[in-house]
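Structure data follow from start12.cif (mmCIF, C-alpha atoms and all ligand atoms):
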data_upload
#
loop_
_atom_site.label_atom_id
_atom_site.label_comp_id
_atom_site.auth_asym_id
_atom_site.auth_seq_id
_atom_site.Cartn_x
_atom_site.Cartn_y
_atom_site.Cartn_z
CA MET S 264 15.12 27.46 29.33
CA PRO S 265 11.53 26.91 30.48
CA ALA S 266 10.05 23.47 30.24
CA GLN S 267 8.17 23.06 27.05
CA LEU S 268 4.82 21.52 26.50
CA SER S 269 6.39 19.38 23.88
CA ASP S 270 8.67 17.73 26.44
CA PHE S 271 5.78 15.75 27.82
CA VAL S 272 5.39 12.33 26.37
CA PRO S 273 1.96 10.87 27.04
CA PRO S 274 2.11 8.08 29.62
CA GLY S 275 2.06 4.65 28.12
CA ASN S 276 3.27 5.96 24.82
CA GLY S 277 6.22 4.14 23.41
CA ASN S 278 6.49 1.33 25.92
CA GLY S 279 6.98 -0.99 23.02
CA ASP S 280 3.75 -2.88 23.47
CA ASP S 281 1.67 -2.84 20.39
CA ILE S 282 -1.70 -2.25 21.93
CA GLY S 283 -3.43 -1.56 18.72
CA ASP S 284 -3.52 0.82 15.89
CA GLY S 285 -5.77 3.65 15.02
CA ASP S 286 -5.23 5.71 18.15
CA LEU S 287 -4.76 9.00 16.41
CA SER S 288 -4.51 11.10 19.56
CA ASP S 289 -1.30 9.32 20.52
CA ALA S 290 0.21 9.72 17.11
CA SER S 291 -0.49 13.43 16.94
CA SER S 292 0.78 14.18 20.43
CA SER S 293 3.97 12.24 19.84
CA GLY S 294 4.43 14.39 16.77
CA LEU S 295 5.03 17.27 19.13
CA SER S 296 7.79 15.57 21.08
CA SER S 297 11.02 17.44 21.12
CA LEU S 298 14.05 15.58 19.94
CA GLY S 299 15.56 15.65 23.41
CA SER S 300 12.90 13.46 24.89
CA LEU S 301 13.37 10.94 22.14
CA PHE S 302 16.77 9.79 23.22
CA PRO S 303 16.92 7.83 26.46
CA ASP S 304 19.64 8.97 28.84
CA LYS S 305 21.56 5.80 28.63
CA GLU S 306 23.08 5.05 25.32
CA GLY S 307 23.10 1.69 23.70
CA ASP S 308 19.70 0.18 24.25
CA GLY S 309 19.21 0.72 20.57
CA GLY S 310 15.71 2.13 20.30
CA ALA S 311 14.41 5.64 19.77
CA GLN S 312 10.97 6.83 18.86
CA CYS S 313 9.96 8.24 15.54
CA PRO S 314 8.88 11.79 16.35
CA TRP S 315 6.07 11.52 13.84
CA CYS S 316 4.42 8.10 14.22
CA GLY S 317 5.88 7.01 17.54
CA ALA S 318 7.21 3.72 16.21
CA THR S 319 10.40 2.35 17.67
CA VAL S 320 13.24 3.11 15.32
CA ASP S 321 16.96 2.54 15.27
CA MET S 322 18.52 5.32 17.31
CA LYS S 323 21.44 5.63 14.95
CA LEU S 324 19.08 6.18 12.05
CA LEU S 325 17.39 9.06 13.84
CA LYS S 326 20.67 10.55 15.04
CA ASP S 327 22.20 10.43 11.58
CA PHE S 328 19.13 12.00 10.08
CA SER S 329 18.69 14.77 12.62
CA ASN S 330 22.36 15.52 13.10
CA GLY S 331 21.55 16.26 16.73
CA LYS S 332 19.11 18.99 15.77
CA ARG S 333 15.48 19.30 16.53
CA LEU S 334 13.22 18.28 13.69
CA ASN S 335 10.46 20.51 12.45
CA VAL S 336 7.24 18.98 11.17
CA ARG S 337 8.42 18.77 7.60
CA LEU S 338 11.58 16.93 8.60
CA GLN S 339 9.67 14.72 11.02
CA THR S 340 7.40 13.50 8.26
CA LYS S 341 10.39 13.07 5.99
CA PHE S 342 12.17 11.00 8.62
CA CYS S 343 9.03 8.95 9.18
CA GLU S 344 8.74 8.21 5.49
CA GLU S 345 12.40 7.25 5.41
CA HIS S 346 12.31 4.80 8.32
CA ARG S 347 9.12 3.20 7.02
CA LYS S 348 10.64 2.82 3.60
CA LYS S 349 13.76 1.33 5.10
CA SER S 350 11.84 -1.28 7.06
CA ALA S 351 9.68 -1.92 3.99
CA MET S 352 12.81 -2.72 1.99
CA ALA S 353 13.89 -5.16 4.70
CA THR S 354 10.50 -6.86 4.58
CA TRP S 355 10.66 -6.87 0.80
CA GLU S 356 13.88 -8.84 0.95
CA SER S 357 12.74 -11.23 3.63
CA LYS S 358 9.56 -11.99 1.67
CA ALA S 359 11.58 -12.39 -1.52
CA TYR S 360 9.38 -10.02 -3.53
CA PRO S 361 10.88 -9.41 -6.95
CA GLU S 362 12.45 -6.33 -8.37
CA VAL S 363 9.89 -5.05 -10.88
CA GLU S 364 11.09 -4.61 -14.45
CA TRP S 365 8.93 -1.63 -15.32
CA SER S 366 10.19 -1.24 -18.89
CA THR S 367 8.97 -4.69 -19.93
CA LEU S 368 5.86 -4.84 -17.77
CA GLU S 369 3.38 -3.98 -20.49
CA SER S 370 4.62 -6.84 -22.64
CA ARG S 371 3.90 -9.13 -19.69
CA PHE S 372 0.33 -7.77 -19.49
CA LYS S 373 -0.25 -8.78 -23.10
CA LYS S 374 0.44 -12.44 -22.35
CA HIS S 375 -2.67 -12.56 -20.19
CA GLN S 376 -5.07 -11.25 -22.81
CA THR S 377 -6.96 -14.54 -23.17
CA HIS S 378 -7.48 -14.81 -19.45
CA LEU S 379 -8.71 -11.23 -19.18
CA LEU S 380 -11.01 -11.62 -22.19
CA ASP S 381 -12.58 -14.72 -20.63
CA ILE S 382 -13.37 -12.71 -17.51
CA ILE S 383 -14.79 -9.84 -19.55
CA ASN S 384 -16.92 -12.38 -21.43
CA GLY S 385 -18.48 -13.57 -18.19
CA GLU S 386 -16.32 -16.44 -17.04
CA GLU S 387 -16.28 -16.84 -13.27
CA SER S 388 -13.29 -15.40 -11.55
CA PHE S 389 -12.50 -14.66 -7.92
CA TYR S 390 -12.70 -10.87 -8.22
CA ARG S 391 -15.63 -10.84 -10.65
CA THR S 392 -17.58 -12.97 -8.20
CA ARG S 393 -16.61 -10.70 -5.36
CA LEU S 394 -17.74 -7.59 -7.22
CA ALA S 395 -20.98 -9.35 -8.21
CA ALA S 396 -21.66 -10.12 -4.54
CA LYS S 397 -21.03 -6.51 -3.56
CA ILE S 398 -23.38 -5.24 -6.24
CA GLU S 399 -26.02 -7.70 -5.10
CA GLN S 400 -25.72 -6.52 -1.49
CA GLY S 401 -25.78 -2.92 -2.62
CA GLN S 402 -22.36 -2.30 -1.11
CA GLY S 403 -19.83 0.19 -2.33
CA ARG S 404 -22.27 2.03 -4.50
CA SER S 405 -19.58 4.50 -5.20
CA MET S 406 -16.02 3.22 -5.26
CA LYS S 407 -14.77 3.86 -1.78
CA LYS S 408 -11.72 6.05 -1.82
CA GLU S 409 -10.20 4.32 1.18
CA GLU S 410 -10.36 0.88 -0.37
CA ASN S 411 -6.86 -0.05 -1.45
CA LEU S 412 -7.11 -1.52 -4.94
CA ASN S 413 -3.39 -1.71 -5.57
CA PRO S 414 -2.14 -4.92 -7.14
CA GLY S 415 -0.05 -5.86 -4.11
CA TYR S 416 3.63 -4.97 -4.17
CA TYR S 417 3.25 -3.40 -7.62
CA GLY S 418 1.80 -0.50 -5.69
CA PRO S 419 0.17 2.66 -7.05
CA ARG S 420 2.69 2.77 -9.87
CA GLY S 421 1.62 -0.70 -10.99
CA PHE S 422 -2.04 0.14 -10.48
CA ASN S 423 -1.80 3.16 -12.77
CA MET S 424 0.15 1.30 -15.40
CA MET S 425 -2.36 -1.54 -15.42
CA CYS S 426 -5.33 0.84 -15.55
CA ASP S 427 -3.83 2.74 -18.49
CA TYR S 428 -3.22 -0.49 -20.34
CA LEU S 429 -6.62 -2.02 -19.56
CA VAL S 430 -8.53 1.15 -20.48
CA LYS S 431 -6.69 1.39 -23.78
CA GLU S 432 -7.22 -2.28 -24.53
CA TYR S 433 -10.72 -3.03 -23.23
CA SER S 434 -12.82 0.01 -22.41
CA ASP S 435 -14.72 0.04 -25.71
CA MET S 436 -15.45 -3.65 -25.37
CA LEU S 437 -16.56 -3.22 -21.76
CA LYS S 438 -19.01 -0.51 -22.69
CA LYS S 439 -20.64 -2.83 -25.20
CA LYS S 440 -20.66 -5.76 -22.78
CA ALA S 441 -22.21 -3.65 -20.05
CA VAL S 442 -25.53 -3.71 -21.91
CA HIS S 443 -26.00 -7.39 -21.07
CA ASP S 444 -23.63 -7.87 -18.15
CA LYS S 445 -24.84 -6.76 -14.75
CA VAL S 446 -21.45 -7.02 -13.08
CA ILE S 447 -19.81 -4.70 -15.61
CA ALA S 448 -22.81 -2.37 -15.64
CA GLY S 449 -23.22 -2.39 -11.86
CA ARG S 450 -20.52 0.13 -11.02
CA GLY S 451 -19.48 1.01 -14.54
CA SER S 452 -16.63 -0.20 -16.69
CA ALA S 453 -13.97 1.91 -14.95
CA ALA S 454 -14.84 0.28 -11.65
CA PHE S 455 -14.83 -3.15 -13.30
CA ILE S 456 -11.32 -2.45 -14.54
CA GLN S 457 -10.13 -1.30 -11.13
CA ALA S 458 -11.81 -3.89 -8.94
CA VAL S 459 -11.68 -6.94 -11.20
CA LEU S 460 -9.24 -6.73 -14.09
CA VAL S 461 -6.39 -5.04 -12.22
CA ALA S 462 -6.65 -7.59 -9.41
CA GLU S 463 -6.85 -10.55 -11.81
CA LEU S 464 -3.88 -9.28 -13.78
CA GLY S 465 -1.99 -8.64 -10.56
CA VAL S 466 -2.60 -12.22 -9.44
CA GLN S 467 -1.26 -13.54 -12.75
CA LEU S 468 1.91 -11.48 -12.44
CA ILE S 469 2.44 -12.49 -8.82
CA MET S 470 1.99 -16.17 -9.76
CA GLU S 471 4.78 -15.76 -12.32
CA ASP S 472 7.01 -13.73 -10.01
CA MET S 473 6.71 -15.91 -6.97
CA LEU S 474 5.95 -19.30 -8.57
CA VAL S 475 2.81 -19.76 -6.49
CA SER S 476 -0.79 -20.95 -6.88
CA PRO S 477 -3.64 -18.52 -7.58
CA GLU S 478 -4.79 -18.77 -3.93
CA GLU S 479 -1.33 -17.99 -2.63
CA ALA S 480 -0.96 -15.15 -5.15
CA ARG S 481 -4.21 -13.57 -3.92
CA HIS S 482 -2.91 -13.82 -0.38
CA ILE S 483 0.36 -12.14 -1.38
CA LEU S 484 -1.55 -9.46 -3.27
CA GLU S 485 -3.52 -8.53 -0.12
CA GLU S 486 -0.60 -8.85 2.24
CA SER S 487 1.77 -6.74 0.15
CA LYS S 488 -0.54 -3.77 -0.51
CA PRO S 489 0.92 -1.58 2.26
CA ILE S 490 4.48 -2.29 1.21
CA GLY S 491 3.59 -1.56 -2.41
CA ASP S 492 2.29 1.83 -1.32
CA LEU S 493 5.65 2.68 0.19
CA VAL S 494 8.06 1.17 -2.28
CA HIS S 495 6.21 1.78 -5.55
CA ALA S 496 4.44 5.01 -4.77
CA ASP S 497 3.21 7.09 -7.63
CA ASN S 498 5.65 9.99 -7.26
CA TRP S 499 8.27 8.39 -9.47
CA LEU S 500 7.68 10.63 -12.49
ZN ZN R 1 7.52 7.15 11.78
#

Could you take the file, read its structure, and then write that structure out as structure tokens?
Ligand SMILES: [Zn+2]
Amino acid sequence: MPAQLSDFVPPGNGNGDDIGDGDLSDASSSGLSSLGSLFPDKEGDGGAQCPWCGATVDMKLLKDFSNGKRLNVRLQTKFCEEHRKKSAMATWESKAYPEVEWSTLESRFKKHQTHLLDIINGEESFYRTRLAAKIEQGQGRSMKKEENLNPGYYGPRGFNMMCDYLVKEYSDMLKKKAVHDKVIAGRGSAAFIQAVLVAELGVQLIMEDMLVSPEEARHILEESKPIGDLVHADNWL
């Protein structure tokens, strides 16, 4: 069998050193690696490379998944999703994030009505102030798609649930308030819901879940956004 282009692994790729992220050329070329080049000759040093993202993965995980066969692109992305989800679950446990009770979540939202109403009525809050600053600087004139507004580990599923609830509960009120409130009017009431109310509600829930201060809850909210994307993606319907 002739040597295949895909047998070449770019030099420096996969040496385990995390040099930095965002090098897309490496990620795409490693996506072409054949399965054969992924397994080192000697067994037992534990690591293999994800054929899609190039991350070091448990060799057994890859072997079990591939069943010794070469993975096409569809299966490579599926494997990648699987190993990332698996490591996300491990992080989830080590960080002691809670299991979300989705069926009772809306009733938890309702307990924070007073707090949310205060913010709508102009009381200072961390995320209202942040949005106000952005409006003042003329930043984010249109809501940037790439900005991750998920309420931390609640993920896109939590984001959508909160938006639905907040729109139902407050959108009429927000439209009226916008007449005299520059922060609500600045990017519109939908943006106010997404950038301020979802985040404030998320912080309240995280404070309850994790028994932490508001500052710590905001830190957790930021830190757990990527894991929320993986574990509570929006394809659960
Ligand atoms: Zn991967």

Distance filter 9 Å around ligand ZN 1 (chain R), atoms: all atoms listed in the file, out as a ChimeraX atom specification: /S:312-320,339-347

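Take the candidates S:Gly309, S:Pro419, S:Gly401, S:Gly331 and check each one against Ile490 in chain S using only C-alpha atoms; the shortest distance goes to S:Pro419.
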
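Candidate residues S:Arg450, S:His482, S:Lys358, S:Lys373 were compared for distance to Met425 in chain S, and the nearest is S:Lys373, using only C-alpha atoms.
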
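Interatomic distance, CA of Phe422 in chain S against CA of Gly449 in chain S: 21.4 Å.
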
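With distances restricted to only C-alpha atoms, S:Tyr417 is the closest residue to Val494 in chain S from S:Leu412, S:Asp472, S:Lys374, S:Tyr417.
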
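Straight-line separation from CA of Leu324 in chain S to CA of Glu356 in chain S: 19.4 Å.
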
Please list as a list in words every residue within 8 Å of range 388-396 of chain S, counting all atoms listed in the file and excluding residues in the same chain fewer than 3 positions away. Ile382, Glu399, Gln400, Val446, Ala458, Val459, Leu460, Ala462 and Glu463 of chain S

For the residues in the current selection, export C-alpha atoms as a PDB file, in the coordinates of the input.
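Listing of part15.pdb after writing:
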ATOM      1  CA  ILE S 382     -13.370 -12.710 -17.510  1.00  0.00           C
ATOM      2  CA  GLU S 399     -26.020  -7.700  -5.100  1.00  0.00           C
ATOM      3  CA  GLN S 400     -25.720  -6.520  -1.490  1.00  0.00           C
ATOM      4  CA  VAL S 446     -21.450  -7.020 -13.080  1.00  0.00           C
ATOM      5  CA  ALA S 458     -11.810  -3.890  -8.940  1.00  0.00           C
ATOM      6  CA  VAL S 459     -11.680  -6.940 -11.200  1.00  0.00           C
ATOM      7  CA  LEU S 460      -9.240  -6.730 -14.090  1.00  0.00           C
ATOM      8  CA  ALA S 462      -6.650  -7.590  -9.410  1.00  0.00           C
ATOM      9  CA  GLU S 463      -6.850 -10.550 -11.810  1.00  0.00           C
TER      10      GLU S 463
END

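Between CA of Gly385 in chain S and CA of Ile447 in chain S there is a distance of 9.3 Å.
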
The centre and edge lengths of an axis-aligned box containing all atoms of range 422-427 of chain S present in the file, extended by 6 Å on each side, are to be given in Å to one decimal, as lines of an AutoDock Vina configuration file.
center_x = -2.6
center_y = 0.8
center_z = -14.5
size_x = 17.5
size_y = 16.7
size_z = 20.0

For a quick check of understanding, using only C-alpha atoms, which of S:Lys445, S:Met470, S:Lys439, S:Tyr428 has the smallest distance to Gln376 in chain S? S:Tyr428

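Nearest residue to Leu368 in chain S, choosing from S:Ala454, S:Leu484, S:Leu338, S:Leu468 and counting all atoms listed in the file: S:Leu468.
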
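Among the candidates S:Ser357, S:Ser487, S:Ser350, S:Asn384, the one nearest to Lys440 in chain S when counting all atoms listed in the file is S:Asn384.
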